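K.L.:
Got a structure for you, final_0.cif, holding mmCIF, C-alpha atoms and all ligand atoms.
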data_entry
loop_
_atom_site.label_atom_id
_atom_site.label_comp_id
_atom_site.auth_asym_id
_atom_site.auth_seq_id
_atom_site.Cartn_x
_atom_site.Cartn_y
_atom_site.Cartn_z
CA MET M 5 21.07 -11.71 7.49
CA GLN M 6 17.50 -12.12 8.68
CA ILE M 7 14.48 -9.86 8.85
CA GLU M 8 13.28 -9.76 12.46
CA LEU M 9 9.80 -8.37 13.07
CA SER M 10 8.38 -10.60 15.78
CA GLY M 11 6.61 -8.83 18.62
CA LYS M 12 5.81 -5.73 16.57
CA VAL M 13 2.27 -4.38 16.19
CA ALA M 14 1.21 -3.29 12.70
CA ILE M 15 -1.79 -1.65 11.10
CA VAL M 16 -2.63 -2.46 7.49
CA THR M 17 -5.44 -0.44 5.92
CA GLY M 18 -7.63 -1.94 3.22
CA ALA M 19 -6.34 -5.40 4.11
CA GLY M 20 -9.49 -7.30 3.13
CA ARG M 21 -8.26 -8.29 -0.31
CA GLY M 22 -5.60 -7.66 -2.94
CA ILE M 23 -2.12 -6.44 -2.01
CA GLY M 24 -3.14 -5.40 1.52
CA ARG M 25 -4.33 -8.91 2.33
CA ILE M 26 -0.98 -10.41 1.39
CA ILE M 27 0.94 -7.69 3.27
CA ALA M 28 -1.12 -8.41 6.41
CA ARG M 29 -0.71 -12.18 6.06
CA THR M 30 3.04 -11.93 5.47
CA LEU M 31 3.54 -9.70 8.51
CA ALA M 32 1.47 -12.13 10.61
CA ARG M 33 3.66 -15.03 9.46
CA GLU M 34 6.70 -13.01 10.60
CA GLY M 35 5.27 -12.89 14.13
CA VAL M 36 3.71 -9.43 13.87
CA THR M 37 0.39 -8.70 15.58
CA VAL M 38 -1.65 -7.22 12.74
CA ALA M 39 -4.63 -4.90 13.09
CA THR M 40 -6.55 -4.50 9.87
CA LEU M 41 -8.83 -1.60 8.98
CA GLU M 42 -11.31 -2.48 6.27
CA LEU M 43 -14.57 -1.04 5.00
CA ARG M 44 -16.34 -4.19 3.87
CA THR M 45 -17.71 -6.44 6.58
CA GLU M 46 -17.65 -9.62 4.50
CA LEU M 47 -13.90 -9.11 3.94
CA LEU M 48 -13.42 -8.51 7.68
CA GLU M 49 -15.21 -11.76 8.50
CA ASP M 50 -12.98 -13.56 6.04
CA LEU M 51 -9.87 -11.98 7.62
CA ALA M 52 -11.02 -12.94 11.11
CA SER M 53 -11.57 -16.57 10.12
CA GLU M 54 -8.13 -16.80 8.49
CA TRP M 55 -6.44 -15.29 11.58
CA ASN M 56 -8.40 -17.63 13.88
CA ALA M 57 -7.55 -20.67 11.80
CA GLU M 58 -3.83 -19.77 11.78
CA GLY M 59 -3.81 -18.81 15.48
CA TRP M 60 -2.41 -15.36 14.64
CA PRO M 61 -3.07 -12.51 17.08
CA GLY M 62 -4.84 -9.49 15.62
CA LEU M 63 -7.81 -7.18 15.47
CA HIS M 64 -10.04 -6.76 12.43
CA LEU M 65 -11.90 -3.48 12.62
CA GLN M 66 -14.61 -2.07 10.42
CA CYS M 67 -13.42 1.39 9.42
CA ASP M 68 -14.46 3.82 6.71
CA LEU M 69 -11.21 5.57 5.90
CA THR M 70 -13.08 8.54 4.46
CA LYS M 71 -14.41 9.34 7.96
CA SER M 72 -12.02 10.87 10.49
CA GLU M 73 -14.14 9.74 13.48
CA SER M 74 -14.10 6.16 12.23
CA ILE M 75 -10.29 6.31 11.96
CA LYS M 76 -9.82 7.90 15.39
CA SER M 77 -11.92 5.29 17.17
CA ALA M 78 -10.18 2.39 15.37
CA ILE M 79 -6.71 3.66 16.28
CA ALA M 80 -7.81 4.26 19.90
CA ALA M 81 -9.12 0.67 20.07
CA ILE M 82 -5.79 -0.72 18.78
CA ASP M 83 -3.80 1.42 21.23
CA ALA M 84 -6.07 0.31 24.10
CA GLU M 85 -5.61 -3.35 23.16
CA TYR M 86 -1.84 -3.44 22.55
CA GLY M 87 -0.45 -0.20 24.02
CA ARG M 88 1.80 0.29 20.98
CA ILE M 89 1.76 0.65 17.21
CA ASP M 90 5.10 0.07 15.46
CA ILE M 91 4.24 -0.25 11.78
CA LEU M 92 1.60 1.50 9.69
CA VAL M 93 0.92 0.44 6.12
CA ASN M 94 -1.39 2.92 4.41
CA ASN M 95 -2.39 0.47 1.69
CA ALA M 96 -6.09 1.18 1.04
CA GLY M 97 -6.82 2.82 -2.26
CA ILE M 98 -9.18 3.16 -5.18
CA ALA M 99 -8.42 3.79 -8.83
CA ASN M 100 -11.34 5.42 -10.57
CA GLY M 101 -11.03 7.89 -13.36
CA GLY M 102 -11.89 9.25 -16.75
CA ARG M 103 -10.50 11.78 -19.18
CA ILE M 104 -10.73 15.38 -18.06
CA GLU M 105 -14.10 16.20 -19.67
CA ASP M 106 -15.63 12.99 -18.32
CA LEU M 107 -14.17 13.15 -14.83
CA PRO M 108 -16.91 13.83 -12.26
CA GLU M 109 -16.01 15.92 -9.24
CA ALA M 110 -17.18 13.06 -6.99
CA ILE M 111 -14.64 10.69 -8.54
CA TRP M 112 -11.83 13.24 -8.12
CA ASP M 113 -12.83 13.71 -4.46
CA ALA M 114 -13.14 9.97 -3.79
CA ASN M 115 -9.62 9.29 -5.09
CA PHE M 116 -8.16 11.99 -2.89
CA ALA M 117 -10.30 10.97 0.12
CA ILE M 118 -9.03 7.40 0.19
CA ASN M 119 -5.65 7.52 -1.55
CA THR M 120 -4.36 10.72 0.06
CA LYS M 121 -6.46 12.13 2.90
CA ALA M 122 -6.92 8.77 4.65
CA ALA M 123 -3.14 8.31 4.75
CA TYR M 124 -2.84 11.72 6.43
CA LEU M 125 -5.62 11.00 8.94
CA VAL M 126 -4.31 7.57 9.92
CA ALA M 127 -0.71 8.81 10.19
CA GLN M 128 -1.88 11.75 12.31
CA ALA M 129 -3.64 9.40 14.74
CA VAL M 130 -0.73 6.93 14.85
CA ALA M 131 2.25 9.33 15.08
CA PRO M 132 1.84 10.17 18.79
CA ILE M 133 1.68 6.45 19.62
CA MET M 134 4.87 5.73 17.63
CA LYS M 135 6.59 8.72 19.26
CA ARG M 136 5.69 7.31 22.64
CA GLY M 137 7.36 4.01 21.66
CA LYS M 138 10.40 5.85 20.21
CA TRP M 139 10.30 3.67 17.08
CA GLY M 140 8.12 3.54 14.01
CA ARG M 141 7.70 2.70 10.35
CA ILE M 142 5.13 4.37 8.12
CA LEU M 143 4.75 2.90 4.63
CA ASN M 144 2.45 4.60 2.16
CA ALA M 145 1.12 3.05 -1.05
CA ALA M 146 1.96 5.34 -3.95
CA SER M 147 1.81 3.92 -7.46
CA TYR M 148 3.77 3.76 -10.68
CA ALA M 149 1.12 6.30 -11.74
CA ALA M 150 3.00 8.80 -9.55
CA ILE M 151 6.05 8.28 -11.81
CA THR M 152 4.45 7.99 -15.27
CA PRO M 153 0.66 8.35 -15.27
CA SER M 154 -1.77 6.85 -17.77
CA ILE M 155 -4.33 8.60 -19.96
CA GLY M 156 -7.61 8.89 -18.02
CA SER M 157 -5.91 8.67 -14.62
CA ALA M 158 -5.70 12.36 -13.62
CA ALA M 159 -7.52 11.89 -10.31
CA TYR M 160 -5.72 8.70 -9.33
CA ALA M 161 -2.26 9.79 -10.48
CA ALA M 162 -2.51 13.20 -8.80
CA SER M 163 -3.72 11.60 -5.55
CA LYS M 164 -0.75 9.20 -5.61
CA ALA M 165 1.80 11.87 -6.59
CA ALA M 166 0.64 13.80 -3.51
CA ILE M 167 1.58 10.80 -1.37
CA VAL M 168 5.21 11.16 -2.46
CA SER M 169 5.48 14.70 -1.06
CA PHE M 170 3.44 13.77 1.98
CA THR M 171 5.90 10.94 2.68
CA ARG M 172 8.93 13.24 2.46
CA VAL M 173 7.45 15.83 4.82
CA LEU M 174 6.54 13.18 7.39
CA ALA M 175 10.02 11.66 7.13
CA GLY M 176 11.46 15.05 8.07
CA GLU M 177 8.99 15.72 10.87
CA LEU M 178 9.19 12.26 12.46
CA GLY M 179 12.90 11.53 11.92
CA PRO M 180 13.91 12.88 15.34
CA HIS M 181 11.57 10.31 16.90
CA ASN M 182 13.22 7.30 15.26
CA ILE M 183 10.31 6.91 12.84
CA THR M 184 11.03 6.33 9.15
CA VAL M 185 8.47 7.13 6.47
CA ASN M 186 8.64 5.76 2.94
CA CYS M 187 6.34 5.07 0.06
CA TYR M 188 6.37 2.45 -2.63
CA ALA M 189 5.18 2.46 -6.21
CA PRO M 190 3.81 -0.87 -7.41
CA GLY M 191 3.58 -1.33 -11.14
CA MET M 192 1.12 -3.83 -12.55
CA ILE M 193 -0.20 -6.39 -10.10
CA PRO M 194 -3.43 -8.02 -11.24
CA THR M 195 -6.10 -7.45 -8.55
CA ASP M 196 -9.83 -6.74 -8.41
CA MET M 197 -8.93 -3.03 -8.49
CA ASN M 198 -7.42 -3.02 -11.97
CA GLY M 199 -8.82 -6.12 -13.68
CA PHE M 200 -5.56 -6.68 -15.63
CA ALA M 201 -6.23 -10.42 -15.58
CA ASN M 202 -9.45 -9.85 -17.56
CA ALA M 203 -7.91 -7.61 -20.24
CA SER M 204 -7.79 -8.95 -23.81
CA PRO M 205 -4.66 -10.98 -24.67
CA GLU M 206 -3.52 -8.17 -27.02
CA ARG M 207 -3.81 -5.56 -24.27
CA GLN M 208 -2.03 -7.80 -21.79
CA GLU M 209 0.87 -8.24 -24.24
CA LYS M 210 1.08 -4.45 -24.76
CA LEU M 211 1.17 -3.84 -21.02
CA LEU M 212 3.81 -6.52 -20.44
CA ASP M 213 5.91 -4.99 -23.24
CA THR M 214 6.58 -2.01 -20.94
CA LEU M 215 8.49 -4.12 -18.41
CA SER M 216 12.17 -5.02 -17.98
CA ILE M 217 11.11 -8.09 -15.97
CA ARG M 218 8.40 -9.17 -18.39
CA LYS M 219 5.76 -10.61 -16.06
CA TRP M 220 2.94 -9.35 -13.87
CA GLY M 221 3.85 -8.31 -10.36
CA ASP M 222 2.65 -10.39 -7.43
CA PRO M 223 1.26 -8.98 -4.15
CA GLN M 224 3.96 -11.02 -2.43
CA ASP M 225 6.63 -8.86 -4.14
CA VAL M 226 5.17 -5.84 -2.35
CA ALA M 227 4.77 -7.70 0.95
CA ASN M 228 8.45 -8.70 0.86
CA LEU M 229 9.47 -5.05 0.36
CA ILE M 230 7.20 -3.99 3.22
CA CYS M 231 8.85 -6.51 5.56
CA PHE M 232 12.30 -5.18 4.68
CA LEU M 233 11.30 -1.51 5.01
CA ALA M 234 9.55 -2.26 8.32
CA SER M 235 12.63 -3.93 9.76
CA ASP M 236 15.75 -2.56 11.44
CA LEU M 237 17.67 -3.46 8.29
CA ALA M 238 16.05 -0.42 6.64
CA SER M 239 16.69 2.03 9.46
CA TYR M 240 18.71 4.41 7.22
CA ILE M 241 16.06 4.59 4.47
CA THR M 242 13.49 7.35 4.85
CA GLY M 243 11.64 9.94 2.79
CA THR M 244 11.93 7.98 -0.41
CA MET M 245 9.79 6.14 -2.93
CA ILE M 246 10.72 2.62 -3.99
CA ASP M 247 9.72 1.69 -7.54
CA ILE M 248 8.48 -1.92 -7.44
CA SER M 249 7.29 -2.28 -11.00
CA GLY M 250 9.55 -4.86 -12.67
CA GLY M 251 11.52 -2.02 -14.24
CA LYS M 252 8.56 -0.50 -16.06
CA TYR M 253 9.97 1.92 -18.66
CA ALA M 254 13.41 1.63 -17.07
CA THR M 255 14.35 1.88 -20.73
CA GLN M 256 12.40 2.89 -23.78
CA MET M 257 10.97 -0.19 -25.56
CA PRO M 258 12.16 -2.85 -23.09
CA TRP M 259 10.52 -5.50 -25.32
CA LEU M 260 13.41 -5.12 -27.79
CA ALA M 261 15.68 -6.98 -25.38
CA TYR M 262 13.18 -9.88 -25.20
CA ARG M 263 12.84 -10.00 -29.00
CA ASP M 264 16.61 -10.25 -29.34
CA ALA M 265 17.34 -12.49 -26.36
N1 LIG I 301 -2.68 -3.52 -8.03
C1 LIG I 301 -1.76 -2.73 -8.58
O1 LIG I 301 -1.20 -3.03 -9.64
C2 LIG I 301 -1.37 -1.45 -7.92
C3 LIG I 301 -0.49 -0.60 -8.60
C4 LIG I 301 -0.11 0.58 -8.01
C5 LIG I 301 -0.59 0.94 -6.76
N2 LIG I 301 -1.46 0.10 -6.13
C6 LIG I 301 -1.96 0.54 -4.81
O2 LIG I 301 -1.89 -0.53 -3.88
C7 LIG I 301 -2.99 -0.43 -2.97
C8 LIG I 301 -3.78 -1.74 -2.96
O3 LIG I 301 -4.26 -1.98 -4.28
P1 LIG I 301 -5.06 -3.31 -4.66
O4 LIG I 301 -4.84 -3.52 -6.12
O5 LIG I 301 -4.76 -4.39 -3.70
O6 LIG I 301 -6.59 -2.81 -4.47
P2 LIG I 301 -7.91 -3.59 -4.00
O7 LIG I 301 -9.06 -2.82 -4.56
O8 LIG I 301 -7.83 -5.05 -4.34
O9 LIG I 301 -7.90 -3.44 -2.41
C9 LIG I 301 -8.18 -2.21 -1.80
C10 LIG I 301 -8.76 -2.46 -0.43
O10 LIG I 301 -9.04 -1.19 0.18
C11 LIG I 301 -10.33 -1.26 0.78
N3 LIG I 301 -10.95 0.07 0.85
C12 LIG I 301 -11.34 0.86 -0.18
N4 LIG I 301 -11.96 1.96 0.28
C13 LIG I 301 -11.93 1.89 1.64
C14 LIG I 301 -12.40 2.74 2.68
N5 LIG I 301 -13.05 3.89 2.42
N6 LIG I 301 -12.21 2.36 3.97
C15 LIG I 301 -11.57 1.18 4.26
N7 LIG I 301 -11.10 0.34 3.30
C16 LIG I 301 -11.29 0.70 2.01
C17 LIG I 301 -11.11 -2.18 -0.14
O11 LIG I 301 -12.29 -2.71 0.46
C18 LIG I 301 -10.07 -3.24 -0.47
O12 LIG I 301 -10.05 -4.27 0.50
C19 LIG I 301 -3.82 0.78 -3.42
O13 LIG I 301 -3.44 1.92 -2.69
C20 LIG I 301 -3.43 0.93 -4.87
O14 LIG I 301 -3.60 2.24 -5.36
C21 LIG I 301 -1.87 -1.06 -6.67
#
When written as structure tokens, how does the structure in this file appear?

P.N.:
Amino acid sequence: MQIELSGKVAIVTGAGRGIGRIIARTLAREGVTVATLELRTELLEDLASEWNAEGWPGLHLQCDLTKSESIKSAIAAIDAEYGRIDILVNNAGIANGGRIEDLPEAIWDANFAINTKAAYLVAQAVAPIMKRGKWGRILNAASYAAITPSIGSAAYAASKAAIVSFTRVLAGELGPHNITVNCYAPGMIPTDMNGFANASPERQEKLLDTLSIRKWGDPQDVANLICFLASDLASYITGTMIDISGGKYATQMPWLAYRDA
């Protein structure tokens, strides 16, 4: 059995670094034309030079996902260039927070603007193009925080929990058009966003003790799932959230099994 994605056109938001970068690169290696939407110009330049060096087709567009006009013009440019959009990965996100009495309104709004509202705006612009092509895959980044949130993460966790419902509604609305919509919940993947790699050794051990597969996640783990969900092999999976967290809290105290192994 093989995953076949060649010839598809994908959008990956927030692809300049972290998980999104690896998703975009993995899709490109599978023969997908990848359009990336990214806020930071230095990351876009870096993307463009990698794509040029590899000879991969693609567009790397500066886009502020908090601005609906910026999103509309980026999607129009991709449609004008390729005449189709098959796969949308709403990856971009931020994770800022604080406990309730120290949680500024601006931080609450920023989490929802990027983690939730941007997914809605991009999907809204892309849906008519996928309908036209009678095929589509929308993949939204949720988070393990949508399953079991952490102290101090009210804004982030709520913005990601909203993505789960959003995903289910879109799956229902777009199902008749041969478009599946799913979200995924990564657990702990060290990136610039979370700084896990810089945590003290004691904290790292405590975090790893929550896992059934006792190691950090890798962006490639997520990229592999995205390739499967984007393919025809996953055509009967829609409206769901895939937990990709190494079995975080699959049991209480998973570390007991490692102590006794
Ligand atoms: N790393 C993890 O362990 C983890 C866990 C659960 C969920 N996630 C989710 O996965 C996604 C990627 O996470 P990551 O760790 O790679 O983060 P990251 O911070 O490394 O990357 C996020 C990217 O989004 C871009 N971005 C942010 N705001 C933007 C805006 N307004 N417009 C355009 N681009 C913007 C950033 O420039 C960056 O390139 C996020 O949605 C995150 O919530 C990550």

K.L.:
Dump the neighbourhood of ligand LIG 301 (chain I) as a PyMOL selection string: all residues within 8 Å, distances computed on only C-alpha atoms and all ligand atoms.

P.N.:
chain M and resi 17-25+41-44+47+66-71+94-99+117-119+145-149+160+164+189-198+221+223

K.L.:
Any chance you can output those residues with C-alpha atoms as a short mmCIF file (atom, residue, chain, number, x, y, z; two decimals), keeping the file's coordinate frame?

P.N.:
data_model
loop_
_atom_site.label_atom_id
_atom_site.label_comp_id
_atom_site.auth_asym_id
_atom_site.auth_seq_id
_atom_site.Cartn_x
_atom_site.Cartn_y
_atom_site.Cartn_z
CA THR M 17 -5.44 -0.44 5.92
CA GLY M 18 -7.63 -1.94 3.22
CA ALA M 19 -6.34 -5.40 4.11
CA GLY M 20 -9.49 -7.30 3.13
CA ARG M 21 -8.26 -8.29 -0.31
CA GLY M 22 -5.60 -7.66 -2.94
CA ILE M 23 -2.12 -6.44 -2.01
CA GLY M 24 -3.14 -5.40 1.52
CA ARG M 25 -4.33 -8.91 2.33
CA LEU M 41 -8.83 -1.60 8.98
CA GLU M 42 -11.31 -2.48 6.27
CA LEU M 43 -14.57 -1.04 5.00
CA ARG M 44 -16.34 -4.19 3.87
CA LEU M 47 -13.90 -9.11 3.94
CA GLN M 66 -14.61 -2.07 10.42
CA CYS M 67 -13.42 1.39 9.42
CA ASP M 68 -14.46 3.82 6.71
CA LEU M 69 -11.21 5.57 5.90
CA THR M 70 -13.08 8.54 4.46
CA LYS M 71 -14.41 9.34 7.96
CA ASN M 94 -1.39 2.92 4.41
CA ASN M 95 -2.39 0.47 1.69
CA ALA M 96 -6.09 1.18 1.04
CA GLY M 97 -6.82 2.82 -2.26
CA ILE M 98 -9.18 3.16 -5.18
CA ALA M 99 -8.42 3.79 -8.83
CA ALA M 117 -10.30 10.97 0.12
CA ILE M 118 -9.03 7.40 0.19
CA ASN M 119 -5.65 7.52 -1.55
CA ALA M 145 1.12 3.05 -1.05
CA ALA M 146 1.96 5.34 -3.95
CA SER M 147 1.81 3.92 -7.46
CA TYR M 148 3.77 3.76 -10.68
CA ALA M 149 1.12 6.30 -11.74
CA TYR M 160 -5.72 8.70 -9.33
CA LYS M 164 -0.75 9.20 -5.61
CA ALA M 189 5.18 2.46 -6.21
CA PRO M 190 3.81 -0.87 -7.41
CA GLY M 191 3.58 -1.33 -11.14
CA MET M 192 1.12 -3.83 -12.55
CA ILE M 193 -0.20 -6.39 -10.10
CA PRO M 194 -3.43 -8.02 -11.24
CA THR M 195 -6.10 -7.45 -8.55
CA ASP M 196 -9.83 -6.74 -8.41
CA MET M 197 -8.93 -3.03 -8.49
CA ASN M 198 -7.42 -3.02 -11.97
CA GLY M 221 3.85 -8.31 -10.36
CA PRO M 223 1.26 -8.98 -4.15
#

K.L.:
Given all atoms listed in the file as the basis, pick out the residue of M:Asn186, M:Asn56, M:Thr40, M:Ser235 nearest to Lys12 (chain M).

P.N.:
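Distance minimum relative to Lys12 (chain M) lands on M:Ser235.
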
K.L.:
Just checking: using all atoms listed in the file, which residue out of M:Arg103, M:Arg172, M:Lys135, M:Arg207 ends up closest to Gly156 (chain M)?

P.N.:
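Closest candidate: M:Arg103.
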
K.L.:
Suppose you want the space between CA of Asn182 (chain M) and CA of Ala238 (chain M); what is it in Å?

P.N.:
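The value is 11.9 Å.
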
K.L.:
For Trp112 (chain M), find every residue with an atom within 10 Å (counting all atoms listed in the file), except residues of its own chain fewer than 6 positions away, and show them as a ChimeraX atom specification.

P.N.:
/M:100-102,157-160,162-163

K.L.:
Could the residues in this selection be saved with C-alpha atoms as a tab-separated table (two decimals), keeping the file's coordinate frame?

P.N.:
chain	number	residue	atom	x	y	z
M	100	ASN	CA	-11.34	5.42	-10.57
M	101	GLY	CA	-11.03	7.89	-13.36
M	102	GLY	CA	-11.89	9.25	-16.75
M	157	SER	CA	-5.91	8.67	-14.62
M	158	ALA	CA	-5.70	12.36	-13.62
M	159	ALA	CA	-7.52	11.89	-10.31
M	160	TYR	CA	-5.72	8.70	-9.33
M	162	ALA	CA	-2.51	13.20	-8.80
M	163	SER	CA	-3.72	11.60	-5.55

K.L.:
Work out how far CA of Cys231 (chain M) is from CA of Pro61 (chain M), in Å to one decimal.

P.N.:
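We find that CA of Pro61 (chain M) and CA of Cys231 (chain M) lie 17.6 Å from each other.
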
K.L.:
Writing N, CA and C atoms and nothing else, produce region 116-140 of chain M as a compact mmCIF listing (two decimals), in the first residue's frame.

P.N.:
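As written to disk, result.txt reads:
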# COMPACT_ATOMS: atom_id res chain seq x y z
N PHE M 116 -7.09 33.33 19.95
CA PHE M 116 -8.26 33.01 19.13
C PHE M 116 -8.09 33.50 17.69
N ALA M 117 -7.42 34.65 17.51
CA ALA M 117 -7.26 35.20 16.16
C ALA M 117 -6.45 34.25 15.28
N ILE M 118 -5.38 33.69 15.81
CA ILE M 118 -4.51 32.86 14.98
C ILE M 118 -4.93 31.39 15.05
N ASN M 119 -5.20 30.89 16.23
CA ASN M 119 -5.46 29.45 16.37
C ASN M 119 -6.85 29.06 15.85
N THR M 120 -7.80 29.97 15.94
CA THR M 120 -9.19 29.61 15.62
C THR M 120 -9.72 30.39 14.43
N LYS M 121 -9.71 31.73 14.54
CA LYS M 121 -10.35 32.53 13.49
C LYS M 121 -9.62 32.39 12.15
N ALA M 122 -8.30 32.31 12.18
CA ALA M 122 -7.56 32.17 10.91
C ALA M 122 -7.94 30.87 10.21
N ALA M 123 -8.15 29.80 10.97
CA ALA M 123 -8.55 28.53 10.36
C ALA M 123 -9.89 28.69 9.65
N TYR M 124 -10.80 29.42 10.29
CA TYR M 124 -12.12 29.68 9.68
C TYR M 124 -11.97 30.52 8.40
N LEU M 125 -11.16 31.58 8.48
CA LEU M 125 -11.04 32.48 7.32
C LEU M 125 -10.37 31.77 6.13
N VAL M 126 -9.34 30.99 6.41
CA VAL M 126 -8.65 30.31 5.30
C VAL M 126 -9.57 29.24 4.72
N ALA M 127 -10.24 28.48 5.58
CA ALA M 127 -11.15 27.43 5.08
C ALA M 127 -12.28 28.06 4.26
N GLN M 128 -12.77 29.21 4.70
CA GLN M 128 -13.86 29.87 3.98
C GLN M 128 -13.41 30.28 2.57
N ALA M 129 -12.17 30.75 2.46
CA ALA M 129 -11.66 31.17 1.15
C ALA M 129 -11.34 29.97 0.26
N VAL M 130 -10.96 28.85 0.87
CA VAL M 130 -10.52 27.68 0.11
C VAL M 130 -11.68 26.76 -0.29
N ALA M 131 -12.73 26.72 0.53
CA ALA M 131 -13.83 25.75 0.30
C ALA M 131 -14.42 25.85 -1.11
N PRO M 132 -14.71 27.04 -1.64
CA PRO M 132 -15.29 27.08 -2.98
C PRO M 132 -14.36 26.51 -4.05
N ILE M 133 -13.05 26.66 -3.83
CA ILE M 133 -12.07 26.15 -4.81
C ILE M 133 -12.03 24.62 -4.73
N MET M 134 -12.08 24.07 -3.52
CA MET M 134 -12.13 22.60 -3.38
C MET M 134 -13.43 22.05 -3.95
N LYS M 135 -14.53 22.75 -3.71
CA LYS M 135 -15.83 22.29 -4.25
C LYS M 135 -15.77 22.21 -5.77
N ARG M 136 -15.17 23.23 -6.34
CA ARG M 136 -15.01 23.27 -7.80
C ARG M 136 -14.25 22.04 -8.29
N GLY M 137 -13.23 21.62 -7.55
CA GLY M 137 -12.42 20.46 -7.94
C GLY M 137 -13.03 19.13 -7.51
N LYS M 138 -14.14 19.19 -6.75
CA LYS M 138 -14.86 17.98 -6.30
C LYS M 138 -13.97 17.04 -5.48
N TRP M 139 -13.03 17.60 -4.77
CA TRP M 139 -12.14 16.79 -3.91
C TRP M 139 -11.43 17.75 -2.97
N GLY M 140 -11.26 17.35 -1.73
CA GLY M 140 -10.51 18.21 -0.83
C GLY M 140 -10.21 17.56 0.51
